[in-house]
$ cat my_file_18.pdb   # PDB, C-alpha atoms, pLDDT in the B column
MODEL        1
ATOM      1  CA  MET A  10     -22.875 -27.903  -0.097  1.00 46.00           C
ATOM      2  CA  GLN A  11     -22.482 -27.117   3.592  1.00 44.00           C
ATOM      3  CA  SER A  12     -18.703 -27.534   3.198  1.00 50.00           C
ATOM      4  CA  MET A  13     -18.653 -24.937   0.405  1.00 47.00           C
ATOM      5  CA  GLN A  14     -20.623 -22.510   2.590  1.00 45.00           C
ATOM      6  CA  ARG A  15     -18.106 -22.955   5.434  1.00 43.00           C
ATOM      7  CA  LYS A  16     -15.259 -22.266   2.993  1.00 48.00           C
ATOM      8  CA  LYS A  17     -17.030 -19.142   1.711  1.00 48.00           C
ATOM      9  CA  VAL A  18     -17.456 -17.863   5.271  1.00 41.00           C
ATOM     10  CA  ALA A  19     -13.826 -18.689   6.057  1.00 47.00           C
ATOM     11  CA  VAL A  20     -12.682 -16.733   2.993  1.00 46.00           C
ATOM     12  CA  GLU A  21     -14.824 -13.759   4.005  1.00 48.00           C
ATOM     13  CA  ILE A  22     -13.356 -13.868   7.514  1.00 41.00           C
ATOM     14  CA  ALA A  23      -9.792 -14.231   6.207  1.00 46.00           C
ATOM     15  CA  CYS A  24     -10.424 -11.281   3.916  1.00 46.00           C
ATOM     16  CA  GLY A  25     -11.943  -9.051   6.563  1.00 43.00           C
ATOM     17  CA  GLN A  26     -15.462  -9.406   5.084  1.00 43.00           C
ATOM     18  CA  HIS A  27     -14.168  -7.642   1.980  1.00 47.00           C
ATOM     19  CA  VAL A  28     -15.856  -8.560  -1.281  1.00 58.00           C
ATOM     20  CA  ASN A  29     -13.866  -8.269  -4.488  1.00 71.00           C
ATOM     21  CA  SER A  30     -15.888  -9.918  -7.254  1.00 88.00           C
ATOM     22  CA  ALA A  31     -14.596 -11.036 -10.628  1.00 94.00           C
ATOM     23  CA  ALA A  32     -17.585 -11.648 -12.901  1.00 95.00           C
ATOM     24  CA  SER A  33     -15.329 -13.145 -15.579  1.00 95.00           C
ATOM     25  CA  PRO A  34     -11.800 -14.606 -15.705  1.00 95.00           C
ATOM     26  CA  GLU A  35     -10.640 -11.464 -17.532  1.00 92.00           C
ATOM     27  CA  ASP A  36     -11.690  -9.338 -14.538  1.00 93.00           C
ATOM     28  CA  LEU A  37      -9.168 -11.087 -12.283  1.00 94.00           C
ATOM     29  CA  HIS A  38      -6.117  -9.327 -13.750  1.00 88.00           C
ATOM     30  CA  LYS A  39      -7.733  -5.893 -13.599  1.00 90.00           C
ATOM     31  CA  LEU A  40      -8.838  -6.404  -9.985  1.00 93.00           C
ATOM     32  CA  LEU A  41      -5.442  -7.801  -8.969  1.00 90.00           C
ATOM     33  CA  VAL A  42      -3.623  -4.772 -10.350  1.00 87.00           C
ATOM     34  CA  GLN A  43      -6.088  -2.382  -8.667  1.00 89.00           C
ATOM     35  CA  ALA A  44      -5.795  -4.133  -5.291  1.00 90.00           C
ATOM     36  CA  LEU A  45      -2.005  -4.393  -5.430  1.00 86.00           C
ATOM     37  CA  ASN A  46      -1.489  -0.809  -6.556  1.00 85.00           C
ATOM     38  CA  SER A  47      -3.837   0.540  -3.867  1.00 89.00           C
ATOM     39  CA  GLY A  48      -2.254  -1.635  -1.166  1.00 89.00           C
ATOM     40  CA  ASP A  49      -5.582  -3.346  -0.397  1.00 94.00           C
ATOM     41  CA  LEU A  50      -4.540  -6.721   0.990  1.00 95.00           C
ATOM     42  CA  ASP A  51      -8.122  -7.804   1.695  1.00 96.00           C
ATOM     43  CA  ALA A  52      -9.181  -7.152  -1.895  1.00 96.00           C
ATOM     44  CA  LEU A  53      -6.106  -8.973  -3.166  1.00 94.00           C
ATOM     45  CA  VAL A  54      -6.689 -12.072  -1.024  1.00 97.00           C
ATOM     46  CA  ALA A  55     -10.375 -12.124  -2.002  1.00 96.00           C
ATOM     47  CA  LEU A  56      -9.295 -12.978  -5.564  1.00 97.00           C
ATOM     48  CA  TYR A  57      -7.956 -16.384  -4.466  1.00 97.00           C
ATOM     49  CA  ALA A  58      -9.853 -19.609  -3.849  1.00 97.00           C
ATOM     50  CA  PHE A  59      -9.853 -20.908  -0.277  1.00 96.00           C
ATOM     51  CA  ASP A  60      -7.783 -23.909  -1.414  1.00 97.00           C
ATOM     52  CA  GLY A  61      -5.630 -21.881  -3.817  1.00 98.00           C
ATOM     53  CA  PHE A  62      -1.943 -22.356  -4.640  1.00 98.00           C
ATOM     54  CA  LEU A  63       0.530 -19.503  -5.211  1.00 97.00           C
ATOM     55  CA  VAL A  64       4.232 -19.532  -5.986  1.00 95.00           C
ATOM     56  CA  ALA A  65       5.379 -16.399  -4.135  1.00 87.00           C
ATOM     57  CA  ARG A  66       8.851 -14.858  -3.917  1.00 79.00           C
ATOM     58  CA  SER A  67       9.389 -16.815  -0.708  1.00 83.00           C
ATOM     59  CA  GLY A  68       8.244 -20.095  -2.280  1.00 91.00           C
ATOM     60  CA  PRO A  69       5.051 -22.037  -2.932  1.00 96.00           C
ATOM     61  CA  VAL A  70       2.099 -21.624  -0.562  1.00 97.00           C
ATOM     62  CA  ARG A  71      -1.285 -23.345  -0.361  1.00 98.00           C
ATOM     63  CA  GLY A  72      -4.486 -22.203   1.330  1.00 97.00           C
ATOM     64  CA  ILE A  73      -5.967 -18.778   1.911  1.00 97.00           C
ATOM     65  CA  SER A  74      -4.066 -18.022   5.151  1.00 97.00           C
ATOM     66  CA  ALA A  75      -0.681 -18.801   3.597  1.00 97.00           C
ATOM     67  CA  ILE A  76      -1.610 -16.859   0.450  1.00 97.00           C
ATOM     68  CA  ARG A  77      -2.570 -13.857   2.588  1.00 97.00           C
ATOM     69  CA  LYS A  78       0.808 -13.939   4.362  1.00 96.00           C
ATOM     70  CA  ALA A  79       2.691 -14.185   1.051  1.00 94.00           C
ATOM     71  CA  LEU A  80       0.706 -11.371  -0.579  1.00 93.00           C
ATOM     72  CA  ALA A  81       1.250  -9.153   2.475  1.00 92.00           C
ATOM     73  CA  GLU A  82       4.955  -9.071   1.536  1.00 86.00           C
ATOM     74  CA  TYR A  83       4.098  -7.560  -1.862  1.00 83.00           C
ATOM     75  CA  VAL A  84       1.677  -5.027  -0.385  1.00 86.00           C
ATOM     76  CA  ALA A  85       4.304  -3.998   2.206  1.00 84.00           C
ATOM     77  CA  MET A  86       6.668  -3.101  -0.651  1.00 80.00           C
ATOM     78  CA  GLY A  87       4.351  -0.326  -1.813  1.00 76.00           C
ATOM     79  CA  SER A  88       4.357  -2.260  -5.019  1.00 63.00           C
ATOM     80  CA  ARG A  89       3.165  -1.263  -8.421  1.00 69.00           C
ATOM     81  CA  ARG A  90       2.307  -3.880 -10.993  1.00 64.00           C
ATOM     82  CA  SER A  91       1.253  -3.272 -14.542  1.00 64.00           C
ATOM     83  CA  ASN A  92       0.131  -5.908 -16.975  1.00 57.00           C
ATOM     84  CA  SER A  93       0.745  -5.573 -20.664  1.00 57.00           C
ATOM     85  CA  LEU A  94      -2.145  -5.665 -23.064  1.00 54.00           C
ATOM     86  CA  ARG A  95      -1.315  -9.289 -23.832  1.00 74.00           C
ATOM     87  CA  VAL A  96      -3.681 -11.081 -21.473  1.00 83.00           C
ATOM     88  CA  ARG A  97      -4.838 -14.361 -22.957  1.00 92.00           C
ATOM     89  CA  VAL A  98      -7.723 -16.410 -21.584  1.00 95.00           C
ATOM     90  CA  VAL A  99      -8.924 -19.883 -22.503  1.00 97.00           C
ATOM     91  CA  GLN A 100     -12.150 -20.843 -20.756  1.00 97.00           C
ATOM     92  CA  ALA A 101     -13.739 -24.287 -20.545  1.00 97.00           C
ATOM     93  CA  GLY A 102     -16.899 -24.207 -18.467  1.00 97.00           C
ATOM     94  CA  ASP A 103     -16.104 -23.257 -14.862  1.00 98.00           C
ATOM     95  CA  THR A 104     -12.319 -23.353 -15.370  1.00 98.00           C
ATOM     96  CA  ALA A 105     -10.088 -20.854 -17.149  1.00 98.00           C
ATOM     97  CA  LEU A 106      -6.411 -20.661 -18.047  1.00 98.00           C
ATOM     98  CA  LEU A 107      -4.927 -17.152 -18.020  1.00 96.00           C
ATOM     99  CA  VAL A 108      -1.524 -16.085 -19.353  1.00 95.00           C
ATOM    100  CA  ALA A 109      -0.249 -12.502 -19.122  1.00 90.00           C
ATOM    101  CA  ASP A 110       2.970 -10.524 -19.214  1.00 89.00           C
ATOM    102  CA  TRP A 111       3.551  -8.276 -16.194  1.00 86.00           C
ATOM    103  CA  ARG A 112       6.015  -5.881 -14.571  1.00 83.00           C
ATOM    104  CA  PHE A 113       6.410  -5.296 -10.838  1.00 81.00           C
ATOM    105  CA  HIS A 114       8.112  -2.404  -9.030  1.00 81.00           C
ATOM    106  CA  GLY A 115       8.371  -1.912  -5.292  1.00 80.00           C
ATOM    107  CA  THR A 116      10.668  -1.139  -2.384  1.00 82.00           C
ATOM    108  CA  ALA A 117      12.018  -3.892  -0.126  1.00 79.00           C
ATOM    109  CA  ALA A 118      12.091  -3.555   3.671  1.00 79.00           C
ATOM    110  CA  ASP A 119      15.775  -2.539   3.470  1.00 86.00           C
ATOM    111  CA  GLY A 120      14.928   0.330   1.100  1.00 86.00           C
ATOM    112  CA  SER A 121      16.303  -1.302  -2.033  1.00 88.00           C
ATOM    113  CA  ASP A 122      14.354  -1.209  -5.269  1.00 88.00           C
ATOM    114  CA  VAL A 123      12.607  -4.370  -6.404  1.00 83.00           C
ATOM    115  CA  ALA A 124      11.893  -4.622 -10.114  1.00 84.00           C
ATOM    116  CA  THR A 125      10.955  -7.808 -11.868  1.00 82.00           C
ATOM    117  CA  SER A 126       8.797  -9.044 -14.708  1.00 85.00           C
ATOM    118  CA  GLY A 127       7.490 -12.270 -16.094  1.00 86.00           C
ATOM    119  CA  THR A 128       4.788 -14.177 -17.871  1.00 90.00           C
ATOM    120  CA  ASN A 129       2.326 -15.717 -15.481  1.00 92.00           C
ATOM    121  CA  ILE A 130       0.223 -18.827 -15.829  1.00 95.00           C
ATOM    122  CA  GLU A 131      -2.953 -18.957 -13.766  1.00 96.00           C
ATOM    123  CA  VAL A 132      -5.879 -21.303 -13.422  1.00 98.00           C
ATOM    124  CA  ALA A 133      -9.130 -19.728 -12.252  1.00 98.00           C
ATOM    125  CA  ARG A 134     -12.297 -21.436 -11.133  1.00 98.00           C
ATOM    126  CA  ARG A 135     -15.861 -20.152 -11.076  1.00 97.00           C
ATOM    127  CA  GLN A 136     -17.152 -20.301  -7.508  1.00 96.00           C
ATOM    128  CA  PRO A 137     -20.642 -21.433  -6.463  1.00 95.00           C
ATOM    129  CA  ASP A 138     -21.644 -17.745  -6.172  1.00 94.00           C
ATOM    130  CA  GLY A 139     -20.721 -17.204  -9.847  1.00 95.00           C
ATOM    131  CA  ASN A 140     -17.551 -15.182  -9.185  1.00 96.00           C
ATOM    132  CA  TRP A 141     -14.114 -16.246 -10.394  1.00 97.00           C
ATOM    133  CA  ARG A 142     -11.071 -16.780  -8.164  1.00 98.00           C
ATOM    134  CA  TYR A 143      -7.509 -17.904  -8.741  1.00 97.00           C
ATOM    135  CA  LEU A 144      -6.981 -21.569  -7.972  1.00 98.00           C
ATOM    136  CA  ILE A 145      -3.355 -21.722  -9.164  1.00 98.00           C
ATOM    137  CA  ASP A 146      -1.094 -18.695  -9.599  1.00 97.00           C
ATOM    138  CA  LEU A 147       2.354 -19.163 -11.105  1.00 95.00           C
ATOM    139  CA  PRO A 148       3.674 -15.598 -11.524  1.00 90.00           C
ATOM    140  CA  TYR A 149       6.823 -16.778 -13.310  1.00 88.00           C
ATOM    141  CA  GLY A 150       5.148 -19.489 -15.354  1.00 89.00           C
ATOM    142  CA  LEU A 151       6.860 -22.838 -15.289  1.00 87.00           C
ATOM    143  CA  SER A 152      10.403 -21.446 -15.034  1.00 75.00           C
TER     144      SER A 152
ENDMDL
END

$ encode --input "my_file_18.pdb" --output "structure tokens"
Amino acid sequence: MQSMQRKKVAVEIACGQHVNSAASPEDLHKLLVQALNSGDLDALVALYAFDGFLVARSGPVRGISAIRKALAEYVAMGSRRSNSLRVRVVQAGDTALLVADWRFHGTAADGSDVATSGTNIEVARRQPDGNWRYLIDLPYGLS
């Protein structure tokens, strides 16, 4: 239990004491889009588990610090992401599988447009505080 408390504190520190709570797995997509579209890196990182895994544009990353660095690239693009209405969730206890179609638009550091889309696969886990966070985020699915 003490280990979980240390991880919670570490996440809060990594996220600048920002709290972004997902009361259900379905809330994660809504909160992710809001955080990304508003450029709120702290809110975005707060959606990930301390030991999370993300396949970013630059490659796979593990752990909250590496996830923060990868997500900072998306925020720096002034990105806009919109999910379709097809968000599917399968929940089994404290674990959920989420699948959604999405579109992403932003501007790269060199000024070029970035536009991409995909169908993500995510695994979320309910945390000891009752909130949900991404444990695994595969934005392009298994491709």

$ resolve_selection --input "my_file_18.pdb" --expression "the PyMOL selection byres ((chain A and resi 98) around 12)" --output "list in words"
Ser33, Pro34, Glu35, Asp36, Leu37, His38, Arg95, Val96, Arg97, Val99, Gln100, Ala101, Thr104, Ala105, Leu106, Leu107, Val108, Ala109, Asn129, Ile130, Glu131, Val132 and Ala133 of chain A

$ closest_atom_pairs --input "my_file_18.pdb" --of "range 100-142 of chain A" --to "range 73-87 of chain A" --cutoff "8 Å" --atoms "all atoms listed in the file" --output "tab-separated table"
residue	atom	partner	partner_atom	distance
A:Gly115	CA	A:Met86	CA	5.1
A:Thr116	CA	A:Met86	CA	4.8
A:Ala117	CA	A:Met86	CA	5.4
A:Ala118	CA	A:Met86	CA	6.9

$ resolve_selection --input "my_file_18.pdb" --expression "the PyMOL selection byres ((chain A and resi 150) around 7)" --output "PyMOL selection string"
chain A and resi 128-130+147-149+151-152

$ write_last_selection --input "my_file_18.pdb" --atoms "C-alpha atoms" --output "PDB file, in the frame of the given file"
ATOM      1  CA  THR A 128       4.788 -14.177 -17.871  1.00 90.00           C
ATOM      2  CA  ASN A 129       2.326 -15.717 -15.481  1.00 92.00           C
ATOM      3  CA  ILE A 130       0.223 -18.827 -15.829  1.00 95.00           C
ATOM      4  CA  LEU A 147       2.354 -19.163 -11.105  1.00 95.00           C
ATOM      5  CA  PRO A 148       3.674 -15.598 -11.524  1.00 90.00           C
ATOM      6  CA  TYR A 149       6.823 -16.778 -13.310  1.00 88.00           C
ATOM      7  CA  LEU A 151       6.860 -22.838 -15.289  1.00 87.00           C
ATOM      8  CA  SER A 152      10.403 -21.446 -15.034  1.00 75.00           C
TER       9      SER A 152
END

$ atom_distance --input "my_file_18.pdb" --atom1 "CA of Asp146 in chain A" --atom2 "CA of Phe62 in chain A"
6.2 Å

$ atom_distance --input "my_file_18.pdb" --atom1 "CA of Thr125 in chain A" --atom2 "CA of Phe113 in chain A"
5.3 Å

$ resolve_selection --input "my_file_18.pdb" --expression "the PyMOL selection byres ((chain A and resi 29) around 10)" --output "PDB file with C-alpha atoms, in the frame of the given file"
ATOM      1  CA  CYS A  24     -10.424 -11.281   3.916  1.00 46.00           C
ATOM      2  CA  GLN A  26     -15.462  -9.406   5.084  1.00 43.00           C
ATOM      3  CA  HIS A  27     -14.168  -7.642   1.980  1.00 47.00           C
ATOM      4  CA  VAL A  28     -15.856  -8.560  -1.281  1.00 58.00           C
ATOM      5  CA  SER A  30     -15.888  -9.918  -7.254  1.00 88.00           C
ATOM      6  CA  ALA A  31     -14.596 -11.036 -10.628  1.00 94.00           C
ATOM      7  CA  ALA A  32     -17.585 -11.648 -12.901  1.00 95.00           C
ATOM      8  CA  LEU A  37      -9.168 -11.087 -12.283  1.00 94.00           C
ATOM      9  CA  LEU A  40      -8.838  -6.404  -9.985  1.00 93.00           C
ATOM     10  CA  LEU A  41      -5.442  -7.801  -8.969  1.00 90.00           C
ATOM     11  CA  ALA A  44      -5.795  -4.133  -5.291  1.00 90.00           C
ATOM     12  CA  ASP A  51      -8.122  -7.804   1.695  1.00 96.00           C
ATOM     13  CA  ALA A  52      -9.181  -7.152  -1.895  1.00 96.00           C
ATOM     14  CA  LEU A  53      -6.106  -8.973  -3.166  1.00 94.00           C
ATOM     15  CA  VAL A  54      -6.689 -12.072  -1.024  1.00 97.00           C
ATOM     16  CA  ALA A  55     -10.375 -12.124  -2.002  1.00 96.00           C
ATOM     17  CA  LEU A  56      -9.295 -12.978  -5.564  1.00 97.00           C
ATOM     18  CA  ASN A 140     -17.551 -15.182  -9.185  1.00 96.00           C
ATOM     19  CA  TRP A 141     -14.114 -16.246 -10.394  1.00 97.00           C
ATOM     20  CA  ARG A 142     -11.071 -16.780  -8.164  1.00 98.00           C
TER      21      ARG A 142
END

$ atom_distance --input "my_file_18.pdb" --atom1 "CA of Arg71 in chain A" --atom2 "CA of Asp119 in chain A"
27.2 Å

$ axis_aligned_box --input "my_file_18.pdb" --around "range 108-114 of chain A" --padding-each-side "8 Å" --output "AutoDock Vina command-line options"
--center_x 3.3 --center_y -9.2 --center_z -14.2 --size_x 25.6 --size_y 29.7 --size_z 26.3

$ closest_residue --input "my_file_18.pdb" --among "A:Gln43, A:Arg134, A:Gly127, A:Gly139" --to "Tyr57 in chain A" --atoms "all atoms listed in the file"
A:Arg134
